[in-house]
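Undergrad: My file is start-v9.cif. It has mmCIF, C-alpha atoms:
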data_input
loop_
_atom_site.label_atom_id
_atom_site.label_comp_id
_atom_site.auth_asym_id
_atom_site.auth_seq_id
_atom_site.Cartn_x
_atom_site.Cartn_y
_atom_site.Cartn_z
CA MET A 1 -26.77 -15.67 20.37
CA ARG A 2 -29.46 -14.72 17.84
CA ILE A 3 -28.59 -13.11 14.53
CA SER A 4 -29.79 -9.71 15.77
CA GLU A 5 -27.38 -9.79 18.69
CA LEU A 6 -24.57 -11.06 16.47
CA ALA A 7 -25.10 -8.20 14.02
CA ARG A 8 -25.26 -5.61 16.80
CA SER A 9 -22.05 -6.91 18.40
CA ALA A 10 -20.23 -6.74 15.07
CA GLY A 11 -21.57 -3.27 14.29
CA LEU A 12 -23.35 -4.50 11.16
CA SER A 13 -26.96 -4.72 10.02
CA VAL A 14 -28.80 -8.05 10.05
CA ALA A 15 -29.17 -7.72 6.27
CA THR A 16 -25.38 -7.49 5.89
CA VAL A 17 -24.83 -10.54 8.07
CA LYS A 18 -27.38 -12.51 6.00
CA TYR A 19 -25.66 -11.36 2.84
CA TYR A 20 -22.29 -12.65 4.10
CA ILE A 21 -23.89 -16.00 4.94
CA ARG A 22 -25.40 -16.23 1.42
CA GLU A 23 -22.02 -15.30 -0.08
CA GLY A 24 -20.29 -18.05 1.88
CA LEU A 25 -18.14 -15.74 4.00
CA LEU A 26 -19.79 -16.85 7.24
CA PRO A 27 -21.09 -20.32 8.17
CA ALA A 28 -24.80 -20.49 8.88
CA GLY A 29 -25.84 -20.70 12.52
CA VAL A 30 -27.11 -23.84 14.23
CA ARG A 31 -30.86 -24.12 13.77
CA SER A 32 -32.50 -23.94 17.21
CA ALA A 33 -36.13 -23.55 16.15
CA PRO A 34 -37.96 -23.67 12.80
CA ASN A 35 -37.22 -20.04 12.07
CA GLN A 36 -34.26 -19.34 14.32
CA ALA A 37 -30.53 -20.06 14.47
CA GLU A 38 -27.87 -19.72 17.11
CA TYR A 39 -24.51 -18.08 16.50
CA GLY A 40 -21.34 -18.34 18.55
CA ASP A 41 -18.20 -16.36 19.26
CA GLU A 42 -16.48 -17.80 16.22
CA HIS A 43 -19.14 -16.15 14.05
CA LEU A 44 -18.49 -12.82 15.72
CA ARG A 45 -14.74 -13.18 15.26
CA ARG A 46 -15.23 -14.00 11.60
CA LEU A 47 -17.48 -10.98 11.06
CA ARG A 48 -14.91 -8.69 12.64
CA LEU A 49 -12.24 -10.17 10.41
CA ILE A 50 -14.38 -9.57 7.32
CA ARG A 51 -15.05 -6.03 8.43
CA THR A 52 -11.34 -5.38 8.91
CA LEU A 53 -10.49 -6.79 5.49
CA ARG A 54 -13.11 -4.51 3.96
CA THR A 55 -12.43 -1.30 5.82
CA VAL A 56 -8.66 -1.43 6.30
CA ALA A 57 -7.58 -3.39 3.26
CA GLY A 58 -10.43 -2.39 0.95
CA LEU A 59 -10.83 -5.99 -0.26
CA ASP A 60 -14.00 -6.78 -2.19
CA ILE A 61 -16.32 -9.68 -1.38
CA GLY A 62 -14.77 -12.00 -3.95
CA ARG A 63 -11.28 -11.54 -2.52
CA ILE A 64 -12.50 -11.90 1.06
CA ARG A 65 -14.19 -15.16 0.06
CA ARG A 66 -10.83 -16.48 -1.18
CA VAL A 67 -9.14 -15.51 2.10
CA VAL A 68 -11.89 -17.12 4.17
CA ALA A 69 -11.77 -20.31 2.09
CA ALA A 70 -8.00 -20.50 2.64
CA ILE A 71 -8.41 -20.01 6.40
CA GLU A 72 -11.00 -22.77 6.55
CA ASP A 73 -9.12 -25.26 4.37
CA ASP A 74 -7.10 -27.26 6.91
CA SER A 75 -5.24 -28.99 4.10
CA LEU A 76 -3.50 -25.71 3.22
CA SER A 77 -0.20 -25.12 5.01
CA ARG A 78 0.49 -21.73 6.56
CA HIS A 79 2.89 -21.08 3.72
CA ALA A 80 0.12 -21.78 1.20
CA VAL A 81 -2.20 -19.35 3.01
CA PHE A 82 0.47 -16.64 2.65
CA GLY A 83 0.37 -17.38 -1.08
CA VAL A 84 -3.39 -16.80 -1.19
CA VAL A 85 -3.06 -13.60 0.83
CA GLU A 86 -0.30 -12.44 -1.52
CA GLN A 87 -2.54 -13.02 -4.51
CA VAL A 88 -5.69 -11.30 -3.18
CA GLN A 89 -3.69 -8.16 -2.47
CA ALA A 90 -2.70 -7.87 -6.12
CA ARG A 91 -3.45 -4.52 -7.64
CA GLU A 92 -6.12 -4.52 -10.32
CA PRO A 93 -4.17 -4.83 -13.54
CA SER A 94 -4.54 -1.57 -15.40
CA ALA A 95 -5.19 -1.64 -19.14
CA GLU A 96 -2.32 0.80 -19.52
CA ALA A 97 0.19 -1.11 -17.43
CA ASP A 98 2.02 -3.47 -19.67
CA ALA A 99 5.40 -4.75 -18.68
CA ASP A 100 7.64 -5.78 -21.53
CA ALA A 101 8.91 -9.35 -21.52
CA ARG A 102 12.40 -8.18 -20.60
CA ALA A 103 11.15 -6.52 -17.39
CA ASN A 104 9.40 -9.74 -16.35
CA GLU A 105 12.63 -11.68 -16.81
CA GLU A 106 14.67 -9.10 -14.94
CA VAL A 107 12.31 -9.25 -11.96
CA ASP A 108 12.43 -13.05 -11.92
CA GLY A 109 16.24 -12.87 -12.02
CA PHE A 110 16.27 -10.35 -9.19
CA ILE A 111 14.09 -12.53 -6.94
CA GLU A 112 16.26 -15.53 -7.73
CA GLU A 113 19.33 -13.53 -6.77
CA LEU A 114 17.71 -12.66 -3.44
CA GLY A 115 17.31 -16.37 -2.82
CA TRP A 116 13.59 -15.97 -2.21
CA HIS A 117 11.36 -18.96 -2.79
CA VAL A 118 8.06 -17.66 -4.14
CA ARG A 119 5.50 -19.05 -6.57
CA PRO A 120 6.36 -18.39 -10.23
CA ASP A 121 2.88 -16.88 -10.67
CA ALA A 122 2.98 -14.58 -7.63
CA ALA A 123 1.09 -11.40 -8.55
CA ALA A 124 3.77 -9.20 -7.03
CA ARG A 125 6.28 -10.31 -9.71
CA LYS A 126 4.11 -8.83 -12.45
CA GLU A 127 3.52 -5.69 -10.38
CA LEU A 128 7.26 -5.12 -10.02
CA ALA A 129 7.77 -5.64 -13.75
CA ASP A 130 5.00 -3.13 -14.53
CA ILE A 131 6.61 -0.64 -12.16
CA LEU A 132 10.02 -1.13 -13.75
CA THR A 133 8.50 -0.50 -17.16
CA ALA A 134 6.71 2.62 -15.90
CA LEU A 135 9.93 3.98 -14.35
CA ARG A 136 11.73 3.51 -17.64
CA GLY A 137 8.89 5.32 -19.35
CA LEU A 138 9.80 8.30 -17.19
CA GLY A 139 13.00 8.44 -19.14
CA ARG A 140 15.52 7.03 -16.70
CA GLN A 141 17.64 3.93 -17.12
CA TYR A 142 16.33 2.06 -14.12
CA GLY A 143 17.31 -1.53 -13.44
CA THR A 144 16.18 -3.88 -10.70
CA GLU A 145 18.99 -2.52 -8.50
CA VAL A 146 16.62 0.31 -7.51
CA PHE A 147 14.54 -2.35 -5.75
CA ARG A 148 17.44 -3.55 -3.62
CA PRO A 149 17.15 -1.26 -0.57
CA TYR A 150 13.42 -1.99 -0.51
CA ALA A 151 14.01 -5.73 -0.75
CA ALA A 152 16.41 -5.52 2.19
CA ALA A 153 13.83 -3.64 4.28
CA ALA A 154 11.02 -6.02 3.21
CA ASP A 155 13.19 -9.01 4.06
CA ARG A 156 13.92 -7.71 7.57
CA MET A 157 10.28 -6.83 8.18
CA ALA A 158 8.79 -10.07 6.84
CA SER A 159 11.32 -12.22 8.67
CA TRP A 160 10.40 -10.51 11.95
CA GLU A 161 6.68 -10.67 11.20
CA VAL A 162 6.66 -14.36 10.34
CA ALA A 163 8.59 -15.06 13.54
CA GLN A 164 5.85 -13.32 15.58
CA ILE A 165 3.59 -16.31 15.01
CA PRO A 166 5.04 -19.31 16.84
CA PRO A 167 4.74 -22.62 14.98
CA SER A 168 3.16 -24.02 18.16
CA GLU A 169 0.14 -21.74 17.70
CA PRO A 170 -2.91 -23.75 16.53
CA ARG A 171 -3.43 -23.41 12.78
CA SER A 172 -6.80 -21.64 13.05
CA VAL A 173 -5.39 -18.90 15.28
CA ALA A 174 -2.13 -18.64 13.34
CA VAL A 175 -3.66 -18.17 9.89
CA GLU A 176 -6.04 -15.49 11.12
CA ARG A 177 -3.13 -13.61 12.69
CA MET A 178 -1.16 -13.97 9.44
CA VAL A 179 -3.97 -12.56 7.37
CA VAL A 180 -4.55 -9.62 9.71
CA GLY A 181 -0.85 -9.05 10.12
CA THR A 182 -0.08 -8.98 6.42
CA VAL A 183 -2.99 -6.84 5.33
CA VAL A 184 -3.41 -4.51 8.29
CA PHE A 185 0.24 -3.84 9.08
CA GLY A 186 0.90 -3.21 5.39
CA ALA A 187 -1.58 -0.34 5.71
CA VAL A 188 0.05 0.75 8.99
CA PHE A 189 3.48 0.92 7.36
CA ASP A 190 2.13 2.82 4.35
CA ALA A 191 0.53 5.46 6.59
CA LEU A 192 3.64 5.81 8.77
CA ARG A 193 5.96 6.10 5.79
CA ARG A 194 3.90 9.00 4.42
CA LEU A 195 4.07 10.77 7.79
CA ALA A 196 7.80 10.11 8.04
CA HIS A 197 8.34 11.62 4.58
CA GLU A 198 6.58 14.75 5.66
CA HIS A 199 8.60 14.91 8.87
CA HIS A 200 11.96 14.35 7.22
CA SER A 201 11.36 16.71 4.32
CA GLY A 202 10.35 19.37 6.84
CA ALA A 203 13.38 18.69 9.00
CA THR A 204 15.61 19.13 5.96
CA GLU A 205 14.06 22.52 5.24
CA ARG A 206 14.17 23.64 8.88
CA ASP A 207 17.63 22.48 9.82
CA GLY A 208 19.46 21.68 6.63
CA PRO A 209 20.16 18.18 5.35
CA GLY A 210 21.08 15.44 7.77
CA LYS A 211 19.55 17.16 10.78
CA ALA A 212 16.14 15.52 10.85
CA ARG A 213 15.21 14.80 14.45
CA SER A 214 14.42 11.21 14.74
CA ALA A 215 13.09 9.21 17.65
CA ASN A 216 13.89 5.88 16.10
CA ARG A 217 17.58 5.40 15.82
CA MET B 218 5.96 17.84 -32.02
CA ARG B 219 2.31 17.54 -33.00
CA ILE B 220 -0.30 16.11 -30.66
CA SER B 221 -0.42 12.85 -32.62
CA GLU B 222 3.31 12.29 -32.14
CA LEU B 223 3.08 13.29 -28.46
CA ALA B 224 0.28 10.77 -27.88
CA ARG B 225 2.14 8.02 -29.69
CA SER B 226 5.35 8.64 -27.73
CA ALA B 227 3.44 8.50 -24.44
CA GLY B 228 1.57 5.35 -25.46
CA LEU B 229 -1.81 7.11 -25.20
CA SER B 230 -4.59 7.98 -27.63
CA VAL B 231 -4.98 11.55 -28.93
CA ALA B 232 -8.41 11.61 -27.26
CA THR B 233 -6.84 10.84 -23.89
CA VAL B 234 -4.23 13.58 -24.32
CA LYS B 235 -6.97 16.08 -25.21
CA TYR B 236 -8.93 14.95 -22.17
CA TYR B 237 -5.95 15.57 -19.89
CA ILE B 238 -5.55 19.07 -21.38
CA ARG B 239 -9.25 19.82 -20.78
CA GLU B 240 -8.93 18.52 -17.21
CA GLY B 241 -5.97 20.78 -16.54
CA LEU B 242 -3.42 17.99 -16.05
CA LEU B 243 -1.36 19.04 -19.06
CA PRO B 244 -0.70 22.58 -20.34
CA ALA B 245 -1.97 23.27 -23.86
CA GLY B 246 0.60 23.32 -26.64
CA VAL B 247 1.90 26.45 -28.33
CA ARG B 248 -0.37 27.35 -31.25
CA SER B 249 1.69 27.13 -34.44
CA ALA B 250 -1.13 27.40 -37.01
CA PRO B 251 -4.88 28.08 -36.77
CA ASN B 252 -5.68 24.45 -36.10
CA GLN B 253 -2.37 23.12 -34.82
CA ALA B 254 -0.25 23.25 -31.69
CA GLU B 255 3.30 22.26 -30.86
CA TYR B 256 4.24 20.17 -27.84
CA GLY B 257 7.64 19.77 -26.22
CA ASP B 258 9.54 17.25 -24.12
CA GLU B 259 8.06 18.67 -20.92
CA HIS B 260 4.62 17.67 -22.18
CA LEU B 261 5.83 14.15 -22.80
CA ARG B 262 7.42 13.94 -19.35
CA ARG B 263 4.21 15.15 -17.76
CA LEU B 264 2.13 12.58 -19.65
CA ARG B 265 4.42 9.79 -18.49
CA LEU B 266 4.14 11.02 -14.93
CA ILE B 267 0.32 11.03 -15.18
CA ARG B 268 0.37 7.56 -16.62
CA THR B 269 2.59 6.30 -13.81
CA LEU B 270 0.34 7.86 -11.16
CA ARG B 271 -2.64 6.16 -12.77
CA THR B 272 -1.22 2.73 -13.47
CA VAL B 273 1.14 2.23 -10.53
CA ALA B 274 -0.57 4.26 -7.81
CA GLY B 275 -4.13 3.92 -9.10
CA LEU B 276 -4.81 7.62 -8.48
CA ASP B 277 -7.95 9.07 -10.07
CA ILE B 278 -7.99 12.22 -12.21
CA GLY B 279 -9.00 14.49 -9.33
CA ARG B 280 -6.08 13.36 -7.20
CA ILE B 281 -3.63 13.59 -10.08
CA ARG B 282 -4.82 17.15 -10.68
CA ARG B 283 -3.94 18.04 -7.09
CA VAL B 284 -0.47 16.53 -7.47
CA VAL B 285 0.14 18.35 -10.75
CA ALA B 286 -1.06 21.65 -9.26
CA ALA B 287 1.37 21.20 -6.35
CA ILE B 288 4.25 20.44 -8.73
CA GLU B 289 3.49 23.56 -10.76
CA ASP B 290 3.01 25.91 -7.80
CA ASP B 291 6.51 27.32 -7.27
CA SER B 292 5.36 28.99 -4.05
CA LEU B 293 4.99 25.56 -2.40
CA SER B 294 8.08 24.31 -0.60
CA ARG B 295 9.22 20.73 -1.16
CA HIS B 296 7.94 19.97 2.33
CA ALA B 297 4.50 21.31 1.37
CA VAL B 298 4.47 19.13 -1.75
CA PHE B 299 5.10 16.08 0.45
CA GLY B 300 2.02 17.13 2.41
CA VAL B 301 -0.09 17.17 -0.76
CA VAL B 302 1.27 13.80 -1.83
CA GLU B 303 0.52 12.42 1.65
CA GLN B 304 -3.06 13.61 1.38
CA VAL B 305 -3.81 12.29 -2.13
CA GLN B 306 -2.68 8.82 -1.09
CA ALA B 307 -5.30 8.69 1.65
CA ARG B 308 -7.50 5.64 1.51
CA GLU B 309 -11.12 6.29 0.67
CA PRO B 310 -12.79 6.57 4.02
CA SER B 311 -15.08 3.60 4.39
CA ALA B 312 -18.56 4.10 5.82
CA GLU B 313 -17.79 1.29 8.24
CA ALA B 314 -14.44 2.59 9.44
CA ASP B 315 -15.04 4.82 12.38
CA ALA B 316 -12.27 5.45 14.85
CA ASP B 317 -13.39 6.35 18.31
CA ALA B 318 -12.17 9.68 19.72
CA ARG B 319 -9.78 7.90 22.07
CA ALA B 320 -7.98 6.19 19.16
CA ASN B 321 -7.48 9.54 17.42
CA GLU B 322 -5.92 10.99 20.57
CA GLU B 323 -3.70 7.97 21.08
CA VAL B 324 -2.36 8.22 17.52
CA ASP B 325 -1.66 11.94 17.95
CA GLY B 326 0.17 11.18 21.19
CA PHE B 327 2.18 8.43 19.50
CA ILE B 328 3.30 10.73 16.67
CA GLU B 329 4.21 13.42 19.16
CA GLU B 330 6.28 10.88 21.10
CA LEU B 331 8.12 9.99 17.89
CA GLY B 332 9.03 13.65 17.55
CA TRP B 333 7.59 13.78 14.04
CA HIS B 334 6.41 17.12 12.74
CA VAL B 335 3.38 16.48 10.54
CA ARG B 336 0.22 18.45 9.79
CA PRO B 337 -2.54 17.99 12.38
CA ASP B 338 -4.91 17.09 9.55
CA ALA B 339 -2.65 14.54 7.82
CA ALA B 340 -4.89 11.80 6.42
CA ALA B 341 -2.58 9.07 7.70
CA ARG B 342 -3.38 10.01 11.33
CA LYS B 343 -7.03 9.14 10.83
CA GLU B 344 -6.08 5.97 8.96
CA LEU B 345 -3.95 4.78 11.88
CA ALA B 346 -6.77 5.54 14.33
CA ASP B 347 -9.23 3.58 12.16
CA ILE B 348 -6.80 0.67 12.06
CA LEU B 349 -6.31 0.74 15.82
CA THR B 350 -10.08 0.67 16.28
CA ALA B 351 -10.42 -2.23 13.82
CA LEU B 352 -7.68 -4.20 15.60
CA ARG B 353 -9.47 -3.74 18.90
CA GLY B 354 -12.67 -4.91 17.25
CA LEU B 355 -10.82 -8.17 16.60
CA GLY B 356 -10.85 -8.64 20.34
CA ARG B 357 -7.28 -7.89 21.28
CA GLN B 358 -6.07 -5.12 23.57
CA TYR B 359 -3.89 -3.35 21.05
CA GLY B 360 -2.27 -0.03 21.84
CA THR B 361 -0.15 2.22 19.63
CA GLU B 362 2.93 0.25 20.75
CA VAL B 363 2.11 -2.26 17.98
CA PHE B 364 2.94 0.54 15.52
CA ARG B 365 6.41 1.06 16.97
CA PRO B 366 8.48 -1.40 14.90
CA TYR B 367 6.75 -0.10 11.77
CA ALA B 368 7.43 3.51 12.75
CA ALA B 369 11.11 2.66 13.20
CA ALA B 370 11.25 1.04 9.75
CA ALA B 371 9.30 3.91 8.14
CA ASP B 372 11.60 6.42 9.81
CA ARG B 373 14.72 4.74 8.44
CA MET B 374 13.24 4.39 4.97
CA ALA B 375 11.87 7.93 4.71
CA SER B 376 15.04 9.47 6.06
CA TRP B 377 17.07 7.66 3.42
CA GLU B 378 14.56 8.45 0.67
CA VAL B 379 14.40 12.17 1.43
CA ALA B 380 18.21 12.27 1.44
CA GLN B 381 18.25 10.82 -2.11
CA ILE B 382 17.09 14.17 -3.45
CA PRO B 383 19.86 16.71 -2.91
CA PRO B 384 18.66 20.20 -1.89
CA SER B 385 20.76 21.54 -4.78
CA GLU B 386 18.47 19.82 -7.30
CA PRO B 387 16.23 22.36 -9.10
CA ARG B 388 12.74 22.42 -7.58
CA SER B 389 10.97 21.20 -10.74
CA VAL B 390 13.13 18.08 -10.95
CA ALA B 391 13.12 17.50 -7.20
CA VAL B 392 9.36 17.58 -6.73
CA GLU B 393 8.75 15.22 -9.61
CA ARG B 394 11.27 12.78 -8.13
CA MET B 395 9.59 13.10 -4.75
CA VAL B 396 6.18 12.33 -6.15
CA VAL B 397 7.39 9.34 -8.12
CA GLY B 398 9.55 8.16 -5.26
CA THR B 399 6.81 8.29 -2.66
CA VAL B 400 4.06 6.74 -4.73
CA VAL B 401 5.98 4.26 -6.85
CA PHE B 402 8.39 2.95 -4.25
CA GLY B 403 5.54 2.55 -1.79
CA ALA B 404 4.07 0.09 -4.31
CA VAL B 405 7.50 -1.53 -4.75
CA PHE B 406 7.85 -2.10 -1.03
CA ASP B 407 4.33 -3.48 -0.74
CA ALA B 408 4.98 -6.03 -3.50
CA LEU B 409 8.36 -7.06 -2.05
CA ARG B 410 6.97 -7.44 1.46
CA ARG B 411 4.31 -9.84 0.18
CA LEU B 412 6.97 -11.90 -1.62
CA ALA B 413 9.20 -11.87 1.47
CA HIS B 414 6.31 -13.14 3.61
CA GLU B 415 5.84 -16.02 1.28
CA HIS B 416 9.55 -16.79 1.27
CA HIS B 417 9.97 -16.63 5.05
CA SER B 418 6.83 -18.60 5.84
CA GLY B 419 8.03 -21.28 3.44
CA ALA B 420 11.51 -21.28 4.91
CA THR B 421 10.02 -21.82 8.36
CA GLU B 422 8.09 -24.84 7.11
CA ARG B 423 11.05 -26.23 5.18
CA ASP B 424 13.79 -25.74 7.71
CA GLY B 425 12.12 -24.98 11.01
CA PRO B 426 11.94 -21.55 12.61
CA GLY B 427 14.89 -19.19 12.38
CA LYS B 428 16.37 -20.93 9.36
CA ALA B 429 14.96 -18.75 6.57
CA ARG B 430 17.63 -18.24 3.97
CA SER B 431 18.05 -14.58 3.45
CA ALA B 432 20.17 -12.67 0.98
CA ASN B 433 19.76 -9.36 2.74
CA ARG B 434 21.43 -9.39 6.07
#
Let me see the file written as structure tokens.

TA:
Amino acid sequence: MRISELARSAGLSVATVKYYIREGLLPAGVRSAPNQAEYGDEHLRRLRLIRTLRTVAGLDIGRIRRVVAAIEDDSLSRHAVFGVVEQVQAREPSAEADADARANEEVDGFIEELGWHVRPDAAARKELADILTALRGLGRQYGTEVFRPYAAAADRMASWEVAQIPPSEPRSVAVERMVVGTVVFGAVFDALRRLAHEHHSGATERDGPGKARSANR
Amino acid sequence: MRISELARSAGLSVATVKYYIREGLLPAGVRSAPNQAEYGDEHLRRLRLIRTLRTVAGLDIGRIRRVVAAIEDDSLSRHAVFGVVEQVQAREPSAEADADARANEEVDGFIEELGWHVRPDAAARKELADILTALRGLGRQYGTEVFRPYAAAADRMASWEVAQIPPSEPRSVAVERMVVGTVVFGAVFDALRRLAHEHHSGATERDGPGKARSANR
């Protein structure tokens, strides 16, 4: 298809599609005439992926470029792609957030205790240490044990999610599903948790504690 | 204490503290001399809360003001405060995200099926509809059933979290714990889920599927 049709199918302007090509997010089309190129379904799929990463995950162009490069790099294992996806989802470090050295060590110890194998420089380690420091700033004597119920839930969820992608799936399909799954269903869970809070707090006020109606037991 | 001591204890500059007072995030101190005011522990606690909402949750001043107003408004039930906290965590609507009417209806039907009581205008409903639309744009025939395992996990987590705050707790303490709990532990879960993905994907590659070592079963 021509670039105009590609753009229309993806719900984007031609200018945006050209911008993504210049930025290296999308391979150029195959030149079919001096001033014309042909694009295929893989271009359309890539554009929809980019759009999802922008609109659902709010990733900026630089982070999307890193994801796309990881998807395209066949030398990266699926595990390594998860590492890249982990890193691009890092929160912008705030000037005010500043974990003390002790918090960093405690978080590393906690992850070791869980038996999780993750890169020493995973961004999420620093985020947890910053959070621990912030919680202590609120005047309570928090330790990493407050993370434990969340680690158990994350472990169950991630184990199930990783198992959704069979190892037999071709790498190109698998890594795209991983990226979408991690980023998009993180947003899904966040939205549902907020709704569930509202429901359960309301149920407590309506019926007294422990009486929240729940469809998911 | 004086404003200089308050600022130092909160790890902020005096200018920032004055800015928060002007913006209505922090009540003014009690005037003790023509050019001097006294601040108490409740000011310090409030500043630390603001700092946590900024650094951990990344909320802007306008959203923090809405949270603070809800905390201070004794006429709002705890349930109503959860509604405000739900709303301020809404993702910025992207110009590109645009759920079709059908997706909005499907999400409403899904939440009704769950038996959850949440405001018709909860921001998370629209977010889920946008996500559903984006997933379909990726070329797969997704329905709301893909949300179901996440709804079950969110239901369990929220039910447990709401129960952590006993109804006997004074409102002022309870609502602050709710705000911190919702916002901060959402970030905790997000970070842990990313780490757990990395661990489980690695375990699959190391040991074959189904062999991920897990400390949380």

Undergrad: Record the distance separating atom CA of Phe402 of chain B and atom CA of Asp291 of chain B, expressed in Å with one decimal.

TA: 24.6 Å

Undergrad: Name the residues that the PyMOL selection byres ((chain B and resi 418) around 8) picks from the file above, as JSON, numbers by chain, using the file's chain letters and numbers.

TA: {"A": [78, 79, 82, 162], "B": [414, 415, 416, 417, 419, 420, 421, 422]}

Undergrad: Find the residue from A:Ser75, A:Gln89, A:Ser172, A:Asn35 that sits nearest to chain B; use only C-alpha atoms when measuring.

TA: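 When distances to chain B are compared using only C-alpha atoms, the smallest one comes from A:Gln89.
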
Undergrad: Just the number, please: distance in Å from atom CA of Gly29 of chain A to atom CA of Val14 of chain A, one decimal.

TA: 13.2 Å

Undergrad: Can you list, as a PDB file with C-alpha atoms, in the frame of the given file, the residues that the PyMOL selection byres ((chain A) within 6 of (chain B)) selects here?

TA:
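So the final result, stored in result_27.pdb, reads:
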ATOM      1  CA  ARG A  48     -14.910  -8.690  12.640  1.00  0.00           C
ATOM      2  CA  THR A  52     -11.340  -5.380   8.910  1.00  0.00           C
ATOM      3  CA  THR A  55     -12.430  -1.300   5.820  1.00  0.00           C
ATOM      4  CA  HIS A  79       2.890 -21.080   3.720  1.00  0.00           C
ATOM      5  CA  PHE A  82       0.470 -16.640   2.650  1.00  0.00           C
ATOM      6  CA  GLU A  86      -0.300 -12.440  -1.520  1.00  0.00           C
ATOM      7  CA  SER A  94      -4.540  -1.570 -15.400  1.00  0.00           C
ATOM      8  CA  ALA A  97       0.190  -1.110 -17.430  1.00  0.00           C
ATOM      9  CA  LEU A 114      17.710 -12.660  -3.440  1.00  0.00           C
ATOM     10  CA  TRP A 116      13.590 -15.970  -2.210  1.00  0.00           C
ATOM     11  CA  HIS A 117      11.360 -18.960  -2.790  1.00  0.00           C
ATOM     12  CA  VAL A 118       8.060 -17.660  -4.140  1.00  0.00           C
ATOM     13  CA  ALA A 124       3.770  -9.200  -7.030  1.00  0.00           C
ATOM     14  CA  ALA A 134       6.710   2.620 -15.900  1.00  0.00           C
ATOM     15  CA  LEU A 138       9.800   8.300 -17.190  1.00  0.00           C
ATOM     16  CA  TYR A 150      13.420  -1.990  -0.510  1.00  0.00           C
ATOM     17  CA  ALA A 151      14.010  -5.730  -0.750  1.00  0.00           C
ATOM     18  CA  ALA A 152      16.410  -5.520   2.190  1.00  0.00           C
ATOM     19  CA  ALA A 154      11.020  -6.020   3.210  1.00  0.00           C
ATOM     20  CA  ASP A 155      13.190  -9.010   4.060  1.00  0.00           C
ATOM     21  CA  ALA A 158       8.790 -10.070   6.840  1.00  0.00           C
ATOM     22  CA  SER A 159      11.320 -12.220   8.670  1.00  0.00           C
ATOM     23  CA  PHE A 189       3.480   0.920   7.360  1.00  0.00           C
ATOM     24  CA  ALA A 191       0.530   5.460   6.590  1.00  0.00           C
ATOM     25  CA  LEU A 192       3.640   5.810   8.770  1.00  0.00           C
ATOM     26  CA  ARG A 193       5.960   6.100   5.790  1.00  0.00           C
ATOM     27  CA  ARG A 194       3.900   9.000   4.420  1.00  0.00           C
ATOM     28  CA  ALA A 196       7.800  10.110   8.040  1.00  0.00           C
ATOM     29  CA  HIS A 197       8.340  11.620   4.580  1.00  0.00           C
ATOM     30  CA  GLU A 198       6.580  14.750   5.660  1.00  0.00           C
ATOM     31  CA  HIS A 199       8.600  14.910   8.870  1.00  0.00           C
ATOM     32  CA  HIS A 200      11.960  14.350   7.220  1.00  0.00           C
ATOM     33  CA  SER A 201      11.360  16.710   4.320  1.00  0.00           C
ATOM     34  CA  GLY A 202      10.350  19.370   6.840  1.00  0.00           C
ATOM     35  CA  ALA A 215      13.090   9.210  17.650  1.00  0.00           C
ATOM     36  CA  ASN A 216      13.890   5.880  16.100  1.00  0.00           C
TER      37      ASN A 216
END

Undergrad: How many Å separate atom CA of Asn321 of chain B from atom CA of Gly360 of chain B?

TA: 11.8 Å

Undergrad: Enumerate, as a count of residues only, the residues matched when the PyMOL selection byres ((chain A and resi 20) around 12) is run on the file above.

TA: 29

Undergrad: Draw an axis-aligned box tight on the listed atoms of segment 365-379 of chain B, then pad every side by 3 Å and write out centre and edge lengths in Å to one decimal as lines of an AutoDock Vina configuration file.

TA:
center_x = 11.7
center_y = 5.4
center_z = 8.8
size_x = 16.7
size_y = 19.6
size_z = 22.3
